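> Sharing structure.txt (compact mmCIF, C-alpha atoms and all ligand atoms) below.
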```txt
# COMPACT_ATOMS: atom_id res chain seq x y z
CA MET A 110 115.59 86.73 75.84
CA SER A 111 113.35 85.77 78.78
CA ALA A 112 109.66 86.81 78.89
CA ARG A 113 108.78 89.79 81.10
CA ASN A 114 107.55 88.83 84.51
CA ILE A 115 104.56 90.73 85.94
CA ALA A 116 105.89 89.99 89.45
CA ARG A 117 108.61 92.57 88.67
CA PHE A 118 106.22 95.09 87.04
CA TRP A 119 107.92 98.07 88.75
CA GLU A 120 110.95 97.54 86.46
CA TRP A 121 108.86 98.20 83.35
CA GLY A 122 108.55 101.96 83.79
CA ARG A 123 104.75 102.06 83.59
CA LYS A 124 102.33 104.59 85.08
CA ILE A 125 101.40 104.91 88.75
CA ILE A 126 97.87 106.33 89.03
CA CYS A 127 96.81 107.37 92.52
CA VAL A 128 93.32 107.89 93.88
CA GLY A 129 92.94 110.43 96.68
CA ARG A 130 90.21 110.85 99.31
CA ASN A 131 88.78 107.40 98.66
CA TYR A 132 88.14 106.78 102.37
CA ALA A 133 85.70 109.16 104.05
CA ASP A 134 87.52 108.93 107.42
CA HIS A 135 90.78 110.17 105.82
CA ALA A 136 89.05 112.95 103.86
CA ILE A 137 87.49 114.09 107.15
CA GLU A 138 90.77 113.98 109.14
CA LEU A 139 92.36 116.33 106.57
CA LYS A 140 89.21 118.51 106.46
CA ASN A 141 88.64 117.70 102.78
CA ALA A 142 85.23 117.30 101.20
CA ILE A 143 84.09 113.73 100.49
CA PRO A 144 84.46 113.46 96.70
CA SER A 145 81.60 112.71 94.33
CA GLU A 146 84.12 111.60 91.66
CA PRO A 147 87.58 110.00 92.12
CA VAL A 148 90.44 112.46 92.73
CA LEU A 149 93.39 111.37 90.53
CA PHE A 150 97.08 112.20 90.45
CA LEU A 151 100.20 110.49 89.08
CA LYS A 152 103.59 109.37 90.30
CA PRO A 153 106.48 108.57 87.91
CA PRO A 154 108.13 105.09 87.93
CA SER A 155 111.17 106.69 89.64
CA ALA A 156 108.93 106.87 92.75
CA TYR A 157 109.21 103.11 93.29
CA VAL A 158 111.35 101.84 96.14
CA ARG A 159 111.67 98.26 97.35
CA GLU A 160 112.45 96.77 100.76
CA GLY A 161 116.16 97.04 101.54
CA SER A 162 116.37 100.62 100.23
CA PRO A 163 115.30 103.65 102.30
CA ILE A 164 112.51 106.15 101.81
CA LEU A 165 114.42 109.39 101.24
CA LEU A 166 113.16 112.58 102.90
CA PRO A 167 112.94 115.35 100.28
CA PHE A 168 115.09 118.31 101.38
CA TYR A 169 112.18 120.74 100.95
CA THR A 170 109.68 119.22 103.42
CA SER A 171 109.44 119.24 107.19
CA ASN A 172 106.25 117.16 107.30
CA LEU A 173 106.53 113.88 105.38
CA HIS A 174 103.46 111.66 105.90
CA HIS A 175 102.85 107.94 105.39
CA GLU A 176 99.67 106.75 103.63
CA VAL A 177 99.21 102.96 103.48
CA GLU A 178 97.23 101.83 100.43
CA LEU A 179 96.22 98.77 98.42
CA GLY A 180 97.82 98.85 94.96
CA VAL A 181 96.16 97.14 91.99
CA VAL A 182 98.54 95.82 89.30
CA ILE A 183 97.11 95.83 85.78
CA GLY A 184 97.73 92.63 83.83
CA LYS A 185 95.80 93.42 80.65
CA GLY A 186 95.53 96.94 79.25
CA GLY A 187 92.50 98.66 77.81
CA THR A 188 90.53 101.84 77.21
CA ALA A 189 87.03 102.45 78.59
CA ILE A 190 87.06 99.07 80.33
CA PRO A 191 83.52 98.22 81.52
CA GLN A 192 83.07 97.67 85.26
CA SER A 193 81.62 94.22 84.50
CA SER A 194 84.94 92.95 83.08
CA ALA A 195 87.33 95.20 85.02
CA MET A 196 88.64 92.47 87.33
CA GLU A 197 89.79 90.47 84.27
CA HIS A 198 92.37 93.26 83.75
CA VAL A 199 93.89 92.80 87.23
CA ALA A 200 97.05 90.64 87.54
CA GLY A 201 97.47 91.11 91.27
CA TYR A 202 98.15 93.52 94.10
CA VAL A 203 100.90 95.18 96.13
CA LEU A 204 100.85 96.95 99.44
CA CYS A 205 101.98 100.55 98.82
CA LEU A 206 102.84 103.69 100.69
CA ASP A 207 101.82 106.98 99.11
CA MET A 208 104.51 109.10 100.81
CA THR A 209 103.31 112.69 100.90
CA ALA A 210 105.06 115.96 101.76
CA ARG A 211 101.98 117.29 103.57
CA ASP A 212 103.28 120.84 104.12
CA ILE A 213 104.04 121.15 100.40
CA GLN A 214 100.68 119.63 99.45
CA ASP A 215 98.89 122.15 101.71
CA GLU A 216 100.85 125.00 100.11
CA CYS A 217 100.07 123.73 96.58
CA LYS A 218 96.37 123.37 97.51
CA SER A 219 96.21 126.93 98.83
CA LYS A 220 97.89 128.30 95.68
CA GLY A 221 95.86 126.13 93.29
CA LEU A 222 99.05 124.39 92.09
CA PRO A 223 99.51 120.69 91.19
CA TRP A 224 100.68 118.24 93.88
CA THR A 225 103.75 116.99 91.99
CA LEU A 226 106.38 118.11 94.53
CA ALA A 227 104.29 116.70 97.38
CA LYS A 228 103.57 113.29 95.88
CA ALA A 229 105.91 112.37 93.01
CA PHE A 230 109.46 112.64 94.38
CA ASN A 231 111.99 109.77 94.23
CA THR A 232 111.07 106.95 96.68
CA SER A 233 107.55 108.31 97.22
CA CYS A 234 106.05 104.90 96.35
CA PRO A 235 107.44 102.07 98.52
CA ILE A 236 105.87 98.72 97.49
CA SER A 237 105.73 95.15 98.82
CA ASP A 238 106.32 91.97 96.88
CA PHE A 239 103.79 91.27 94.13
CA ILE A 240 100.69 89.43 95.39
CA PRO A 241 99.02 87.25 92.71
CA LYS A 242 95.30 87.94 92.27
CA GLU A 243 94.30 84.48 93.55
CA LYS A 244 95.77 85.30 96.98
CA ILE A 245 93.22 88.10 97.50
CA PRO A 246 89.88 86.74 96.25
CA ASN A 247 87.98 89.66 97.80
CA PRO A 248 90.08 92.87 97.53
CA GLY A 249 87.05 94.85 98.73
CA SER A 250 87.37 93.38 102.22
CA ILE A 251 90.97 93.25 103.44
CA ASN A 252 92.64 94.94 106.37
CA LEU A 253 95.61 97.30 105.86
CA TRP A 254 97.77 98.48 108.74
CA LEU A 255 100.86 100.60 109.28
CA LYS A 256 103.13 101.07 112.31
CA VAL A 257 105.78 103.74 112.90
CA ASN A 258 108.51 102.47 115.28
CA ASP A 259 106.13 99.68 116.38
CA ILE A 260 103.21 102.03 117.15
CA VAL A 261 100.05 101.41 115.13
CA LYS A 262 99.06 104.54 113.18
CA GLN A 263 96.75 103.22 110.45
CA ASN A 264 94.39 100.25 110.51
CA GLY A 265 91.54 100.21 108.01
CA SER A 266 89.53 97.94 105.78
CA THR A 267 89.14 98.30 102.02
CA SER A 268 85.42 97.75 102.70
CA GLN A 269 85.38 101.50 103.55
CA ILE A 270 86.50 102.53 100.05
CA ILE A 271 84.12 105.00 98.37
CA PHE A 272 84.94 104.03 94.75
CA SER A 273 85.43 100.27 94.24
CA ILE A 274 88.25 98.74 92.19
CA PRO A 275 85.97 97.96 89.16
CA TYR A 276 84.59 101.53 89.33
CA LEU A 277 88.13 102.98 89.41
CA ILE A 278 89.37 100.83 86.52
CA ASN A 279 86.39 101.94 84.42
CA TYR A 280 86.70 105.62 85.45
CA ILE A 281 90.47 105.84 84.93
CA SER A 282 90.57 103.91 81.66
CA GLU A 283 87.95 106.24 80.12
CA ILE A 284 90.49 109.06 80.58
CA ILE A 285 93.92 107.38 80.65
CA SER A 286 94.31 104.06 78.81
CA LEU A 287 95.62 101.37 81.14
CA GLU A 288 98.61 99.23 80.16
CA GLU A 289 100.03 95.96 81.45
CA GLY A 290 102.27 96.82 84.42
CA ASP A 291 100.42 100.00 85.44
CA LEU A 292 99.68 100.39 89.14
CA ILE A 293 96.60 102.00 90.72
CA LEU A 294 96.88 103.20 94.34
CA THR A 295 93.39 103.05 95.82
CA GLY A 296 93.62 105.63 98.62
CA THR A 297 94.41 105.61 102.31
CA PRO A 298 92.36 105.17 105.49
CA LYS A 299 92.65 107.59 108.42
CA GLY A 300 95.69 107.80 110.71
CA VAL A 301 98.27 109.45 108.43
CA SER A 302 101.09 111.05 110.42
CA SER A 303 104.52 112.58 110.21
CA VAL A 304 107.72 110.50 109.89
CA GLN A 305 111.29 111.47 110.79
CA GLU A 306 114.78 110.46 109.70
CA GLN A 307 115.64 106.94 111.05
CA ASP A 308 111.99 106.00 111.70
CA GLU A 309 111.02 102.45 110.82
CA LEU A 310 107.74 101.95 108.94
CA GLN A 311 106.13 98.53 108.96
CA ALA A 312 102.98 97.83 107.00
CA GLY A 313 100.91 94.80 106.18
CA ILE A 314 97.79 93.20 104.82
CA ASP A 315 96.46 90.78 107.44
CA GLY A 316 97.55 87.23 106.60
CA ILE A 317 99.02 88.17 103.20
CA VAL A 318 102.11 90.39 103.29
CA THR A 319 104.27 92.63 105.46
CA MET A 320 107.00 95.10 104.53
CA THR A 321 109.50 97.30 106.39
CA PHE A 322 111.16 100.55 105.28
CA LYS A 323 113.55 102.92 107.00
CA VAL A 324 113.31 106.70 106.50
CA ASP A 325 116.61 108.38 105.69
CA ARG A 326 118.05 111.58 104.33
CA LYS A 327 119.87 111.60 100.99
CA SER A 328 123.63 111.48 101.76
C1 LIG B 401 94.85 114.30 100.50
C2 LIG B 401 95.62 113.20 99.89
O1 LIG B 401 96.85 113.21 99.98
C3 LIG B 401 94.89 112.20 99.15
C4 LIG B 401 95.45 110.84 99.11
O2 LIG B 401 96.52 110.59 98.57
C5 LIG B 401 94.68 109.73 99.70
O3 LIG B 401 95.18 108.60 99.68
O4 LIG B 401 93.57 109.96 100.19
MG MG B 402 97.18 108.56 98.98
```
What would the structure in this file look like if it were written as structure tokens?

Amino acid sequence: MSARNIARFWEWGRKIICVGRNYADHAIELKNAIPSEPVLFLKPPSAYVREGSPILLPFYTSNLHHEVELGVVIGKGGTAIPQSSAMEHVAGYVLCLDMTARDIQDECKSKGLPWTLAKAFNTSCPISDFIPKEKIPNPGSINLWLKVNDIVKQNGSTSQIIFSIPYLINYISEIISLEEGDLILTGTPKGVSSVQEQDELQAGIDGIVTMTFKVDRKS
């Protein structure tokens, strides 16, 4: 039997932990308060989708949004990981989209209900190829962008993040133990917008990776 390969971590069925409102400009565009502690939610592994397969519009939304985010892939698990050694637990990165049914999220927010239907549906987490840690020596200063049908919608730097990657690894692992193959989505910069059936989404990290996904309806 061959050893498991972290570059195919999405096949392992591990947790996807998402951080919301981690960029002040995005919190402001959605009229949310700027958080004093990380806002966390989860996606199941069935949310993963890879290039070549479409992002499927859930039947119950009429306002599906893109959110481009840096994903941190955990290489070594732990509980209550100190910030000082947090980066030793990182195997690498992926570019991610946190696809969000915004109308459903707004409804859940107004009723005080969890965001599961808005955030955790099948194909709600498109990801790029795995990026080994060495390729991004300073994850706190990279540029993420996203285009819809060739029009730039999001373009932001991880230098704007409120809670840094070491802070998030410490904060999350105090509450939810991290395991090898887990993924942390670190939040989105401003510019989120609606996508339609047949739209083409292109996203990238300057000089590192690009990815393309089509939006489709389940046949
Ligand atoms: C309001 C949100 O959907 C929060 C979120 O996911 C983010 O990236 O910010
Ligand atoms: Mg998000």
> Taking only C-alpha atoms into account, which of A:His135, A:Arg117, A:His175, A:Lys262 comes nearest Cys234 in chain A?
A:His175
> Hey, which residues sit close to ligand LIG 401 (chain B)? Say within 6 Å, counting only C-alpha atoms and all ligand atoms, and write them as a PyMOL selection string.
chain A and resi 129-131+296-297
> Just give me the gap between CA of Glu288 in chain A and CA of Gly249 in chain A in Å, one decimal is fine.
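Interatomic distance here is 22.3 Å.
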> So the first atom is CA of Val257 in chain A and the second is CA of Val182 in chain A; what is the distance between them in Å, to one decimal place?
25.9 Å
> Considering only C-alpha atoms, can you say which of A:Tyr157, A:Tyr132, A:Phe118, A:Phe150 comes closest to Pro235 in chain A?
A:Tyr157
> Give me the chain A side of the contact with ligand MG 402 (chain B), cut-off 8 Å, one line per residue showing its nearest atom pair and distance in Å at one decimal, counting all atoms listed in the file, sorted by chain and residue number, as a tab-separated table.

```
residue	atom	partner	partner_atom	distance
A:Cys127	CA	B:MG402	MG	6.6
A:Val128	CA	B:MG402	MG	6.4
A:Gly129	CA	B:MG402	MG	5.2
A:Arg130	CA	B:MG402	MG	7.3
A:Glu176	CA	B:MG402	MG	5.6
A:Val177	CA	B:MG402	MG	7.5
A:Glu178	CA	B:MG402	MG	6.9
A:Leu206	CA	B:MG402	MG	7.7
A:Asp207	CA	B:MG402	MG	4.9
A:Met208	CA	B:MG402	MG	7.6
A:Thr209	CA	B:MG402	MG	7.6
A:Leu294	CA	B:MG402	MG	7.1
A:Thr295	CA	B:MG402	MG	7.4
A:Gly296	CA	B:MG402	MG	4.6
A:Thr297	CA	B:MG402	MG	5.2
```
> Can you give me N, CA, C and O atoms for range 304-324 of chain A, written as a PDB file, in the coordinates of the input?

```pdb
ATOM      1  N   VAL A 304     106.578 111.382 109.613  1.00  0.00           N
ATOM      2  CA  VAL A 304     107.720 110.500 109.890  1.00  0.00           C
ATOM      3  C   VAL A 304     109.013 111.307 109.883  1.00  0.00           C
ATOM      4  O   VAL A 304     109.091 112.366 109.255  1.00  0.00           O
ATOM      5  N   GLN A 305     110.001 110.782 110.632  1.00  0.00           N
ATOM      6  CA  GLN A 305     111.290 111.470 110.790  1.00  0.00           C
ATOM      7  C   GLN A 305     112.411 110.569 110.283  1.00  0.00           C
ATOM      8  O   GLN A 305     112.228 109.353 110.193  1.00  0.00           O
ATOM      9  N   GLU A 306     113.573 111.195 110.063  1.00  0.00           N
ATOM     10  CA  GLU A 306     114.780 110.460 109.700  1.00  0.00           C
ATOM     11  C   GLU A 306     115.022 109.342 110.727  1.00  0.00           C
ATOM     12  O   GLU A 306     114.860 109.577 111.929  1.00  0.00           O
ATOM     13  N   GLN A 307     115.347 108.145 110.240  1.00  0.00           N
ATOM     14  CA  GLN A 307     115.640 106.940 111.050  1.00  0.00           C
ATOM     15  C   GLN A 307     114.398 106.225 111.581  1.00  0.00           C
ATOM     16  O   GLN A 307     114.535 105.194 112.245  1.00  0.00           O
ATOM     17  N   ASP A 308     113.201 106.751 111.331  1.00  0.00           N
ATOM     18  CA  ASP A 308     111.990 106.000 111.700  1.00  0.00           C
ATOM     19  C   ASP A 308     111.928 104.696 110.906  1.00  0.00           C
ATOM     20  O   ASP A 308     112.393 104.634 109.760  1.00  0.00           O
ATOM     21  N   GLU A 309     111.259 103.696 111.527  1.00  0.00           N
ATOM     22  CA  GLU A 309     111.020 102.450 110.820  1.00  0.00           C
ATOM     23  C   GLU A 309     109.520 102.306 110.566  1.00  0.00           C
ATOM     24  O   GLU A 309     108.730 102.362 111.504  1.00  0.00           O
ATOM     25  N   LEU A 310     109.152 102.136 109.303  1.00  0.00           N
ATOM     26  CA  LEU A 310     107.740 101.950 108.940  1.00  0.00           C
ATOM     27  C   LEU A 310     107.528 100.471 108.616  1.00  0.00           C
ATOM     28  O   LEU A 310     108.275  99.899 107.825  1.00  0.00           O
ATOM     29  N   GLN A 311     106.507  99.920 109.246  1.00  0.00           N
ATOM     30  CA  GLN A 311     106.130  98.530 108.960  1.00  0.00           C
ATOM     31  C   GLN A 311     104.687  98.573 108.528  1.00  0.00           C
ATOM     32  O   GLN A 311     103.876  99.263 109.176  1.00  0.00           O
ATOM     33  N   ALA A 312     104.370  97.838 107.461  1.00  0.00           N
ATOM     34  CA  ALA A 312     102.980  97.830 107.000  1.00  0.00           C
ATOM     35  C   ALA A 312     102.620  96.424 106.577  1.00  0.00           C
ATOM     36  O   ALA A 312     103.495  95.610 106.274  1.00  0.00           O
ATOM     37  N   GLY A 313     101.317  96.144 106.568  1.00  0.00           N
ATOM     38  CA  GLY A 313     100.910  94.800 106.180  1.00  0.00           C
ATOM     39  C   GLY A 313      99.454  94.726 105.755  1.00  0.00           C
ATOM     40  O   GLY A 313      98.655  95.636 105.988  1.00  0.00           O
ATOM     41  N   ILE A 314      99.175  93.611 105.086  1.00  0.00           N
ATOM     42  CA  ILE A 314      97.790  93.200 104.820  1.00  0.00           C
ATOM     43  C   ILE A 314      97.620  91.927 105.626  1.00  0.00           C
ATOM     44  O   ILE A 314      98.399  90.973 105.438  1.00  0.00           O
ATOM     45  N   ASP A 315      96.637  91.925 106.525  1.00  0.00           N
ATOM     46  CA  ASP A 315      96.460  90.780 107.440  1.00  0.00           C
ATOM     47  C   ASP A 315      96.542  89.449 106.688  1.00  0.00           C
ATOM     48  O   ASP A 315      95.806  89.230 105.725  1.00  0.00           O
ATOM     49  N   GLY A 316      97.455  88.595 107.129  1.00  0.00           N
ATOM     50  CA  GLY A 316      97.550  87.230 106.600  1.00  0.00           C
ATOM     51  C   GLY A 316      98.145  87.118 105.213  1.00  0.00           C
ATOM     52  O   GLY A 316      98.237  86.006 104.673  1.00  0.00           O
ATOM     53  N   ILE A 317      98.561  88.222 104.601  1.00  0.00           N
ATOM     54  CA  ILE A 317      99.020  88.170 103.200  1.00  0.00           C
ATOM     55  C   ILE A 317     100.463  88.638 103.030  1.00  0.00           C
ATOM     56  O   ILE A 317     101.270  87.964 102.401  1.00  0.00           O
ATOM     57  N   VAL A 318     100.790  89.808 103.557  1.00  0.00           N
ATOM     58  CA  VAL A 318     102.110  90.390 103.290  1.00  0.00           C
ATOM     59  C   VAL A 318     102.481  91.387 104.382  1.00  0.00           C
ATOM     60  O   VAL A 318     101.588  91.997 104.994  1.00  0.00           O
ATOM     61  N   THR A 319     103.785  91.516 104.643  1.00  0.00           N
ATOM     62  CA  THR A 319     104.270  92.630 105.460  1.00  0.00           C
ATOM     63  C   THR A 319     105.477  93.233 104.749  1.00  0.00           C
ATOM     64  O   THR A 319     106.105  92.577 103.904  1.00  0.00           O
ATOM     65  N   MET A 320     105.799  94.466 105.100  1.00  0.00           N
ATOM     66  CA  MET A 320     107.000  95.100 104.530  1.00  0.00           C
ATOM     67  C   MET A 320     107.531  96.119 105.531  1.00  0.00           C
ATOM     68  O   MET A 320     106.775  96.650 106.360  1.00  0.00           O
ATOM     69  N   THR A 321     108.842  96.374 105.463  1.00  0.00           N
ATOM     70  CA  THR A 321     109.500  97.300 106.390  1.00  0.00           C
ATOM     71  C   THR A 321     110.399  98.238 105.607  1.00  0.00           C
ATOM     72  O   THR A 321     111.135  97.801 104.714  1.00  0.00           O
ATOM     73  N   PHE A 322     110.320  99.529 105.931  1.00  0.00           N
ATOM     74  CA  PHE A 322     111.160 100.550 105.280  1.00  0.00           C
ATOM     75  C   PHE A 322     111.711 101.498 106.340  1.00  0.00           C
ATOM     76  O   PHE A 322     111.000 101.857 107.290  1.00  0.00           O
ATOM     77  N   LYS A 323     112.916 101.912 106.154  1.00  0.00           N
ATOM     78  CA  LYS A 323     113.550 102.920 107.000  1.00  0.00           C
ATOM     79  C   LYS A 323     113.449 104.268 106.285  1.00  0.00           C
ATOM     80  O   LYS A 323     113.511 104.336 105.055  1.00  0.00           O
ATOM     81  N   VAL A 324     113.303 105.342 107.079  1.00  0.00           N
ATOM     82  CA  VAL A 324     113.310 106.700 106.500  1.00  0.00           C
ATOM     83  C   VAL A 324     114.727 107.254 106.677  1.00  0.00           C
ATOM     84  O   VAL A 324     115.311 107.131 107.746  1.00  0.00           O
TER      85      VAL A 324
END
```
